[in-house]
Amino acid sequence: MDKVREECGVFGYFSTDNNAASSIYYGLHALQHRGQESAGIVVCDTKGPLGNIYSHKGMGLVSEIFHPEILNSLKGNIGIGHVRYSTTGQSSIENAQPIFLNYLKGTLALAHNGNIMNAHELRESLQAQGAVFSGTTDSEVIAYKIALQRKEKSESIQDAILEVAKELKGGYALLLLSPQKLIGVRDPFGLKPLCLGKKGEDYILSSESAAIDALGGEFIRDIEPGEIIVISKFGIESKICLKAQRQAHCIFEYIYFAKLDSTMDGIPIYDARIRGGKALAKRYPVDADVVTGVPESGITSAVGYAEESGIPFKLAFSKNSYVGRTFIKPSQEERMSAVQLKLNVLSSVVKNKRVVLIDDSIVRGTTIRNLISMMRKAGAKEVHVRISSPPFLYPCYYGTDVPDNSQLIATKLSTHEICETIGADSLEYMHLDDLKEMTLDLPLCQACFDSKYPVK
Ligand code: SF4
């Protein structure tokens, strides 16, 4: 499918028993939508000897990488896990996370969601000091810098993290495991999400609240932008240590990335998408018989559009959930059948109907064009497309895979031309002003739509 992809998900667990790995496994399952290329878990036994750390990483989905024997071998009461989709560094086992270092002061593991824009400079300066890297990610640079800072200058791991974080430019949510502590850090703009939960006496740090729910835990709060939170046997210590001129939460979490059942920075994702659909209906009404959405992320906005417009919402696609990551990718000529294998149009819903079709975004325009063509074959009289985000015009530097401009259809064609290219009867995108309505005035990054980048 023609979609933008999030880079990663992180999940940390501080437990009273020796079985953090299985909780992390279920947490990563719930975050699988944030990255499907590789996954890993590192655990540590704080009750055992210092530095007693166990790790397992692999390529593929969480369920493919971790089997019961592997989980049983990961003995420890605190740990961190990671699911990855690569935007910096290649998709390879060397770049799978968590990153794990043995150094003079002990051990350090790190899981990172985001992208550090000055990683190249930092890497070069570390290499000049003799550092040797096994992978090509910015995350390894951060881990190495923290270890060096701790060894040479800082009294504690949190001081070392703070000093390194001051040098990082970009968007990040970091989880660190030093043998006795689980530590979370969120970038000062709040670009990348991170939240705190509790299950009994155990603590959880997660990219999304839905993963805390999946464990039967209780969401406590979002980690504040610029906050460093340290969980140890002494309880929780937390401080907002990093300040930015403004906050800038990634709007795309609300439009598409985050799970529907998550709440992020005080805003339930479901409610935001409903409001997005309503805003589209208010600004771009159309005479039609039925409203539908492209599964999954277009569905909720379609419900919002239907509620506001009074036009009935109907499911117009049957989805084949078993066409997954391992599906043999079709050639260009076969693309059409690939979309058809994944989604089939319910002709009884669209036949002789004027349809409003909602999707969350258009990147290259290939999927929506195929879907409209399938709808017409199934007898739709008119297809009016409404997109619950503004047109993609600029790249993302903070860890989201927005393709370069040459592949973004909106950088080359006007809305009218895109409408003709995809074969719709009308096409409208969410107005930039309506993003605020969607997220109730939360301070946003929307730079891929307006080029106002919060980090230079
Ligand atoms: S540029 Fe776009 S995708 Fe990247 S952080 Fe900002 S809003 Fe999110």
# chains A, B, ... in the order shown; residues from 1 in each chain; ligands from 1
call {"tool": "residues_around", "arguments": {"residues": "region 72-85 of chain A", "least_positions_apart": "4", "cutoff": "6 Å", "atoms": "only C-alpha atoms", "output": "short mmCIF file (atom, residue, chain, number, x, y, z; two decimals) with N, CA and C atoms, in the first residue's frame"}}
result
data_model
loop_
_atom_site.label_atom_id
_atom_site.label_comp_id
_atom_site.auth_asym_id
_atom_site.auth_seq_id
_atom_site.Cartn_x
_atom_site.Cartn_y
_atom_site.Cartn_z
N GLU A 7 9.02 4.97 11.96
CA GLU A 7 10.30 4.27 12.02
C GLU A 7 10.30 3.16 13.07
N CYS A 8 9.82 3.43 14.26
CA CYS A 8 10.04 2.46 15.33
C CYS A 8 9.02 2.56 16.45
N GLY A 9 9.02 1.51 17.28
CA GLY A 9 8.29 1.53 18.53
C GLY A 9 9.20 1.04 19.64
N VAL A 10 9.05 1.61 20.85
CA VAL A 10 9.89 1.19 21.98
C VAL A 10 8.99 0.81 23.16
N PHE A 11 9.48 -0.15 23.94
CA PHE A 11 8.69 -0.62 25.08
C PHE A 11 9.65 -1.07 26.18
N GLY A 12 9.47 -0.54 27.40
CA GLY A 12 10.34 -0.90 28.52
C GLY A 12 9.52 -1.40 29.69
N TYR A 13 10.10 -2.30 30.48
CA TYR A 13 9.35 -2.89 31.60
C TYR A 13 10.25 -3.02 32.81
N PHE A 14 9.79 -2.53 33.96
CA PHE A 14 10.50 -2.67 35.23
C PHE A 14 9.61 -3.51 36.13
N SER A 15 10.07 -4.71 36.45
CA SER A 15 9.17 -5.66 37.08
C SER A 15 9.68 -6.11 38.45
N ASP A 17 9.19 -9.31 39.27
CA ASP A 17 9.59 -10.71 39.13
C ASP A 17 10.66 -10.84 38.04
N ASN A 18 10.95 -12.07 37.66
CA ASN A 18 12.07 -12.27 36.76
C ASN A 18 11.63 -12.47 35.32
N ASN A 19 10.45 -11.96 35.00
CA ASN A 19 9.89 -12.31 33.70
C ASN A 19 9.53 -11.08 32.87
N ALA A 20 10.42 -10.10 32.85
CA ALA A 20 10.15 -8.87 32.08
C ALA A 20 10.01 -9.20 30.59
N GLY A 35 6.73 -0.80 13.18
CA GLY A 35 7.94 -1.28 12.50
C GLY A 35 7.89 -2.78 12.36
N GLN A 36 8.16 -3.27 11.14
CA GLN A 36 8.05 -4.71 10.90
C GLN A 36 9.32 -5.33 10.34
N GLU A 37 10.42 -4.57 10.33
CA GLU A 37 11.63 -5.13 9.72
C GLU A 37 12.46 -5.96 10.68
N SER A 38 12.57 -5.48 11.92
CA SER A 38 13.34 -6.23 12.91
C SER A 38 12.79 -5.92 14.30
N ALA A 39 13.18 -6.75 15.26
CA ALA A 39 12.74 -6.52 16.64
C ALA A 39 13.78 -7.10 17.58
N GLY A 40 13.78 -6.62 18.82
CA GLY A 40 14.73 -7.14 19.79
C GLY A 40 14.29 -6.86 21.21
N ILE A 41 14.82 -7.67 22.13
CA ILE A 41 14.57 -7.48 23.56
C ILE A 41 15.91 -7.63 24.28
N VAL A 42 16.18 -6.73 25.22
CA VAL A 42 17.33 -6.88 26.13
C VAL A 42 16.79 -6.83 27.55
N VAL A 43 17.17 -7.79 28.38
CA VAL A 43 16.73 -7.78 29.79
C VAL A 43 17.94 -7.88 30.71
N CYS A 44 17.71 -7.45 31.95
CA CYS A 44 18.78 -7.48 32.93
C CYS A 44 18.19 -7.91 34.27
N ASP A 45 18.94 -8.67 35.01
CA ASP A 45 18.48 -9.11 36.32
C ASP A 45 19.11 -8.21 37.38
N TYR A 54 20.85 -10.20 29.11
CA TYR A 54 20.55 -11.16 28.05
C TYR A 54 19.83 -10.43 26.92
N GLN A 97 17.64 -3.29 16.91
CA GLN A 97 17.80 -2.75 18.27
C GLN A 97 17.04 -3.63 19.26
N ALA A 111 17.19 1.68 23.15
CA ALA A 111 16.19 1.53 22.08
C ALA A 111 15.73 2.94 21.71
#
call {"tool": "residues_around", "arguments": {"residues": "Tyr254 (chain A)", "least_positions_apart": "4", "cutoff": "8 Å", "atoms": "only C-alpha atoms", "output": "list of chain:residue names"}}
result
A:Cys250, A:Ala258, A:Ile269, A:Ala272, A:Arg273, A:Thr439
call {"tool": "residues_near_ligand", "arguments": {"ligand": "ligand 1", "cutoff": "8 Å", "atoms": "only C-alpha atoms and all ligand atoms", "output": "JSON, numbers by chain"}}
result
{"A": [171, 191, 192, 248, 249, 250, 251, 252, 253, 394, 395, 396, 397, 398, 399, 400, 401, 402, 444, 445, 446, 447, 448, 449, 451, 453]}
call {"tool": "write_last_selection", "arguments": {"atoms": "N, CA, C and O atoms", "output": "compact mmCIF listing (two decimals), in the first residue's frame"}}
result
# COMPACT_ATOMS: atom_id res chain seq x y z
N GLY A 171 14.25 14.40 16.45
CA GLY A 171 13.12 13.87 17.22
C GLY A 171 13.52 12.53 17.80
O GLY A 171 14.10 11.70 17.10
N LEU A 191 8.34 15.60 19.64
CA LEU A 191 8.06 15.07 18.30
C LEU A 191 7.66 13.59 18.35
O LEU A 191 6.76 13.15 17.65
N LYS A 192 8.37 12.83 19.18
CA LYS A 192 8.11 11.39 19.25
C LYS A 192 7.41 11.06 20.57
O LYS A 192 7.75 11.63 21.60
N ALA A 248 6.20 20.54 19.53
CA ALA A 248 5.82 20.23 18.15
C ALA A 248 5.55 18.73 18.04
O ALA A 248 6.43 17.97 17.65
N HIS A 249 4.35 18.34 18.41
CA HIS A 249 3.99 16.92 18.37
C HIS A 249 3.67 16.53 16.92
O HIS A 249 2.97 17.28 16.23
N CYS A 250 4.16 15.39 16.51
CA CYS A 250 3.99 14.97 15.10
C CYS A 250 2.50 14.74 14.79
O CYS A 250 1.86 13.85 15.36
N ILE A 251 1.97 15.51 13.87
CA ILE A 251 0.54 15.41 13.52
C ILE A 251 0.23 14.05 12.90
O ILE A 251 -0.89 13.56 12.99
N PHE A 252 1.25 13.43 12.31
CA PHE A 252 0.97 12.18 11.61
C PHE A 252 0.63 11.02 12.55
O PHE A 252 0.02 10.04 12.13
N GLU A 253 1.02 11.15 13.82
CA GLU A 253 0.59 10.14 14.80
C GLU A 253 -0.94 10.13 14.85
O GLU A 253 -1.56 9.06 14.92
N TYR A 394 6.73 18.10 1.60
CA TYR A 394 8.11 18.22 2.09
C TYR A 394 8.53 16.96 2.82
O TYR A 394 7.69 16.28 3.42
N PRO A 395 9.85 16.69 2.83
CA PRO A 395 10.32 15.48 3.53
C PRO A 395 10.28 15.64 5.04
O PRO A 395 10.22 16.74 5.56
N CYS A 396 10.34 14.50 5.74
CA CYS A 396 10.43 14.51 7.20
C CYS A 396 11.87 14.18 7.58
O CYS A 396 12.43 13.22 7.06
N TYR A 397 12.45 14.95 8.50
CA TYR A 397 13.82 14.68 8.96
C TYR A 397 13.83 14.06 10.35
O TYR A 397 14.88 13.93 10.95
N TYR A 398 12.66 13.75 10.88
CA TYR A 398 12.59 13.35 12.29
C TYR A 398 12.23 11.88 12.48
O TYR A 398 11.70 11.51 13.53
N GLY A 399 12.43 11.07 11.46
CA GLY A 399 12.25 9.65 11.69
C GLY A 399 11.00 9.06 11.08
O GLY A 399 10.57 7.99 11.48
N THR A 400 10.41 9.75 10.12
CA THR A 400 9.25 9.19 9.42
C THR A 400 9.63 9.05 7.96
O THR A 400 10.28 9.94 7.41
N ASP A 401 9.22 7.97 7.35
CA ASP A 401 9.63 7.71 5.99
C ASP A 401 8.69 8.38 4.99
O ASP A 401 7.91 7.72 4.32
N VAL A 402 8.75 9.72 4.92
CA VAL A 402 8.07 10.42 3.83
C VAL A 402 9.05 10.37 2.66
O VAL A 402 10.18 10.83 2.79
N LEU A 444 1.80 21.58 17.25
CA LEU A 444 2.08 20.50 16.29
C LEU A 444 3.33 20.73 15.47
O LEU A 444 3.69 21.87 15.19
N CYS A 445 3.95 19.62 15.03
CA CYS A 445 4.81 19.65 13.86
C CYS A 445 3.94 19.23 12.69
O CYS A 445 3.28 18.18 12.75
N GLN A 446 3.88 20.05 11.66
CA GLN A 446 3.17 19.68 10.43
C GLN A 446 4.04 20.06 9.24
O GLN A 446 3.55 20.47 8.20
N ALA A 447 5.38 19.91 9.48
CA ALA A 447 6.36 20.41 8.51
C ALA A 447 6.28 19.69 7.17
O ALA A 447 6.63 20.28 6.14
N CYS A 448 5.81 18.44 7.14
CA CYS A 448 5.74 17.78 5.83
C CYS A 448 4.61 18.37 4.98
O CYS A 448 4.51 18.10 3.79
N PHE A 449 3.79 19.22 5.59
CA PHE A 449 2.74 19.92 4.84
C PHE A 449 3.06 21.41 4.62
O PHE A 449 2.67 21.99 3.64
N SER A 451 6.34 22.99 5.69
CA SER A 451 7.80 23.21 5.72
C SER A 451 8.26 24.05 6.92
O SER A 451 9.40 24.51 6.93
N TYR A 453 9.73 23.63 9.86
CA TYR A 453 10.40 22.61 10.67
C TYR A 453 10.73 23.14 12.05
O TYR A 453 11.35 24.20 12.18
call {"tool": "select_by_dssp", "arguments": {"residues": "region 31-207 of chain A", "states": "strand (DSSP E or B)", "output": "ChimeraX atom specification"}}
result
/A:38-44,53-59,76,78-84,99-103,106-116,170-178,181-186,195-199,202-206
call {"tool": "write_last_selection", "arguments": {"atoms": "C-alpha atoms", "output": "PDB file, in the first residue's frame"}}
result
ATOM      1  CA  SER A  38      13.341  -6.231  12.912  1.00  0.00           C
ATOM      2  CA  ALA A  39      12.740  -6.520  16.642  1.00  0.00           C
ATOM      3  CA  GLY A  40      14.734  -7.142  19.794  1.00  0.00           C
ATOM      4  CA  ILE A  41      14.571  -7.485  23.561  1.00  0.00           C
ATOM      5  CA  VAL A  42      17.328  -6.878  26.126  1.00  0.00           C
ATOM      6  CA  VAL A  43      16.732  -7.781  29.786  1.00  0.00           C
ATOM      7  CA  CYS A  44      18.780  -7.482  32.933  1.00  0.00           C
ATOM      8  CA  ILE A  53      22.295  -8.954  30.608  1.00  0.00           C
ATOM      9  CA  TYR A  54      20.546 -11.163  28.046  1.00  0.00           C
ATOM     10  CA  SER A  55      19.585 -10.099  24.567  1.00  0.00           C
ATOM     11  CA  HIS A  56      17.899 -11.469  21.455  1.00  0.00           C
ATOM     12  CA  LYS A  57      17.299  -9.676  18.160  1.00  0.00           C
ATOM     13  CA  GLY A  58      16.195 -10.777  14.736  1.00  0.00           C
ATOM     14  CA  MET A  59      14.807  -9.761  11.366  1.00  0.00           C
ATOM     15  CA  GLY A  76      15.628 -10.551  34.065  1.00  0.00           C
ATOM     16  CA  ILE A  78      13.931  -5.085  33.793  1.00  0.00           C
ATOM     17  CA  GLY A  79      14.262  -4.747  30.069  1.00  0.00           C
ATOM     18  CA  ILE A  80      13.644  -2.826  26.888  1.00  0.00           C
ATOM     19  CA  GLY A  81      12.350  -3.848  23.480  1.00  0.00           C
ATOM     20  CA  HIS A  82      12.194  -2.369  20.016  1.00  0.00           C
ATOM     21  CA  VAL A  83      10.415  -2.843  16.695  1.00  0.00           C
ATOM     22  CA  ARG A  84      12.097  -1.224  13.727  1.00  0.00           C
ATOM     23  CA  ILE A  99      21.789  -1.531  20.874  1.00  0.00           C
ATOM     24  CA  PHE A 100      23.837  -3.214  23.580  1.00  0.00           C
ATOM     25  CA  LEU A 101      27.288  -2.082  24.835  1.00  0.00           C
ATOM     26  CA  ASN A 102      29.756  -3.479  27.364  1.00  0.00           C
ATOM     27  CA  TYR A 103      32.007  -0.697  28.573  1.00  0.00           C
ATOM     28  CA  GLY A 106      29.240  -1.783  33.031  1.00  0.00           C
ATOM     29  CA  THR A 107      26.562  -2.393  30.420  1.00  0.00           C
ATOM     30  CA  LEU A 108      24.199  -0.157  28.551  1.00  0.00           C
ATOM     31  CA  ALA A 109      21.302  -0.972  26.227  1.00  0.00           C
ATOM     32  CA  LEU A 110      19.387   1.558  24.160  1.00  0.00           C
ATOM     33  CA  ALA A 111      16.187   1.533  22.077  1.00  0.00           C
ATOM     34  CA  HIS A 112      15.430   4.579  19.949  1.00  0.00           C
ATOM     35  CA  ASN A 113      12.466   5.879  18.004  1.00  0.00           C
ATOM     36  CA  GLY A 114      13.230   8.905  15.860  1.00  0.00           C
ATOM     37  CA  ASN A 115      16.016  10.438  13.858  1.00  0.00           C
ATOM     38  CA  ILE A 116      19.029  12.488  14.915  1.00  0.00           C
ATOM     39  CA  GLY A 170      16.072  15.892  15.999  1.00  0.00           C
ATOM     40  CA  GLY A 171      13.123  13.875  17.217  1.00  0.00           C
ATOM     41  CA  TYR A 172      13.595  11.020  19.658  1.00  0.00           C
ATOM     42  CA  ALA A 173      12.069   8.851  22.303  1.00  0.00           C
ATOM     43  CA  LEU A 174      14.832   6.844  23.983  1.00  0.00           C
ATOM     44  CA  LEU A 175      14.698   3.932  26.381  1.00  0.00           C
ATOM     45  CA  LEU A 176      17.892   2.966  28.203  1.00  0.00           C
ATOM     46  CA  LEU A 177      18.717   0.061  30.390  1.00  0.00           C
ATOM     47  CA  SER A 178      21.669   0.480  32.699  1.00  0.00           C
ATOM     48  CA  LYS A 181      17.651   1.390  36.025  1.00  0.00           C
ATOM     49  CA  LEU A 182      15.079   1.767  33.279  1.00  0.00           C
ATOM     50  CA  ILE A 183      15.366   5.282  31.823  1.00  0.00           C
ATOM     51  CA  GLY A 184      13.142   7.121  29.335  1.00  0.00           C
ATOM     52  CA  VAL A 185      13.927  10.367  27.498  1.00  0.00           C
ATOM     53  CA  ARG A 186      11.685  12.387  25.189  1.00  0.00           C
ATOM     54  CA  CYS A 195       4.194   7.337  27.956  1.00  0.00           C
ATOM     55  CA  LEU A 196       4.280   5.774  31.409  1.00  0.00           C
ATOM     56  CA  GLY A 197       2.078   2.989  32.706  1.00  0.00           C
ATOM     57  CA  LYS A 198       1.785   0.695  35.674  1.00  0.00           C
ATOM     58  CA  LYS A 199       0.705  -2.880  36.185  1.00  0.00           C
ATOM     59  CA  ASP A 202       5.533  -2.938  37.780  1.00  0.00           C
ATOM     60  CA  TYR A 203       6.262   0.118  35.616  1.00  0.00           C
ATOM     61  CA  ILE A 204       5.999   0.406  31.833  1.00  0.00           C
ATOM     62  CA  LEU A 205       7.407   2.912  29.337  1.00  0.00           C
ATOM     63  CA  SER A 206       5.889   2.689  25.871  1.00  0.00           C
TER      64      SER A 206
END
call {"tool": "closest_residue", "arguments": {"among": "A:Arg354, A:Arg221, A:Arg369, A:Arg364", "to": "Phe392 (chain A)", "atoms": "only C-alpha atoms"}}
result
A:Arg364
call {"tool": "closest_residue", "arguments": {"among": "A:Phe317, A:Val356, A:Ser232, A:Glu428", "to": "Met374 (chain A)", "atoms": "only C-alpha atoms"}}
result
A:Phe317
call {"tool": "residues_around", "arguments": {"residues": "Leu260 (chain A)", "least_positions_apart": "3", "cutoff": "9 Å", "atoms": "only C-alpha atoms", "output": "ChimeraX atom specification"}}
result
/A:210,254,256-257,263,268-271,273,297,300
call {"tool": "closest_residue", "arguments": {"among": "A:Val291, A:Leu315, A:Ile274, A:Leu371", "to": "Lys353 (chain A)", "atoms": "only C-alpha atoms"}}
result
A:Val291
call {"tool": "closest_residue", "arguments": {"among": "A:Pro443, A:Lys452, A:Thr136, A:Phe219", "to": "His120 (chain A)", "atoms": "only C-alpha atoms"}}
result
A:Thr136
call {"tool": "closest_residue", "arguments": {"among": "A:Arg34, A:Lys412, A:Lys153, A:His384", "to": "Ala288 (chain A)", "atoms": "only C-alpha atoms"}}
result
A:His384
call {"tool": "select_by_dssp", "arguments": {"residues": "region 72-285 of chain A", "states": "helix (DSSP H, G or I)", "output": "ChimeraX atom specification"}}
result
/A:72-73,93-95,119-128,138-152,157-167,209-214,251-257,269-283
call {"tool": "residues_around", "arguments": {"residues": "Thr292 (chain A)", "least_positions_apart": "3", "cutoff": "6 Å", "atoms": "only C-alpha atoms", "output": "short mmCIF file (atom, residue, chain, number, x, y, z; two decimals) with C-alpha atoms, in the first residue's frame"}}
result
data_model
loop_
_atom_site.label_atom_id
_atom_site.label_comp_id
_atom_site.auth_asym_id
_atom_site.auth_seq_id
_atom_site.Cartn_x
_atom_site.Cartn_y
_atom_site.Cartn_z
CA ALA A 302 -15.16 8.34 7.25
CA PHE A 313 -21.45 5.29 6.50
CA LYS A 314 -21.00 1.85 4.98
CA LEU A 315 -18.08 -0.57 4.73
CA LEU A 357 -14.20 7.75 -0.24
#
call {"tool": "atom_distance", "arguments": {"atom1": "CA of Gly135 (chain A)", "atom2": "CA of Ala147 (chain A)"}}
result
16.5 Å
call {"tool": "atom_distance", "arguments": {"atom1": "CA of Arg150 (chain A)", "atom2": "CA of Ser207 (chain A)"}}
result
25.9 Å
call {"tool": "atom_distance", "arguments": {"atom1": "CA of Gln180 (chain A)", "atom2": "CA of Lys151 (chain A)"}}
result
16.8 Å
call {"tool": "closest_residue", "arguments": {"among": "A:Thr46, A:Gln32, A:Ser134, A:Ser262", "to": "Leu61 (chain A)", "atoms": "only C-alpha atoms"}}
result
A:Gln32
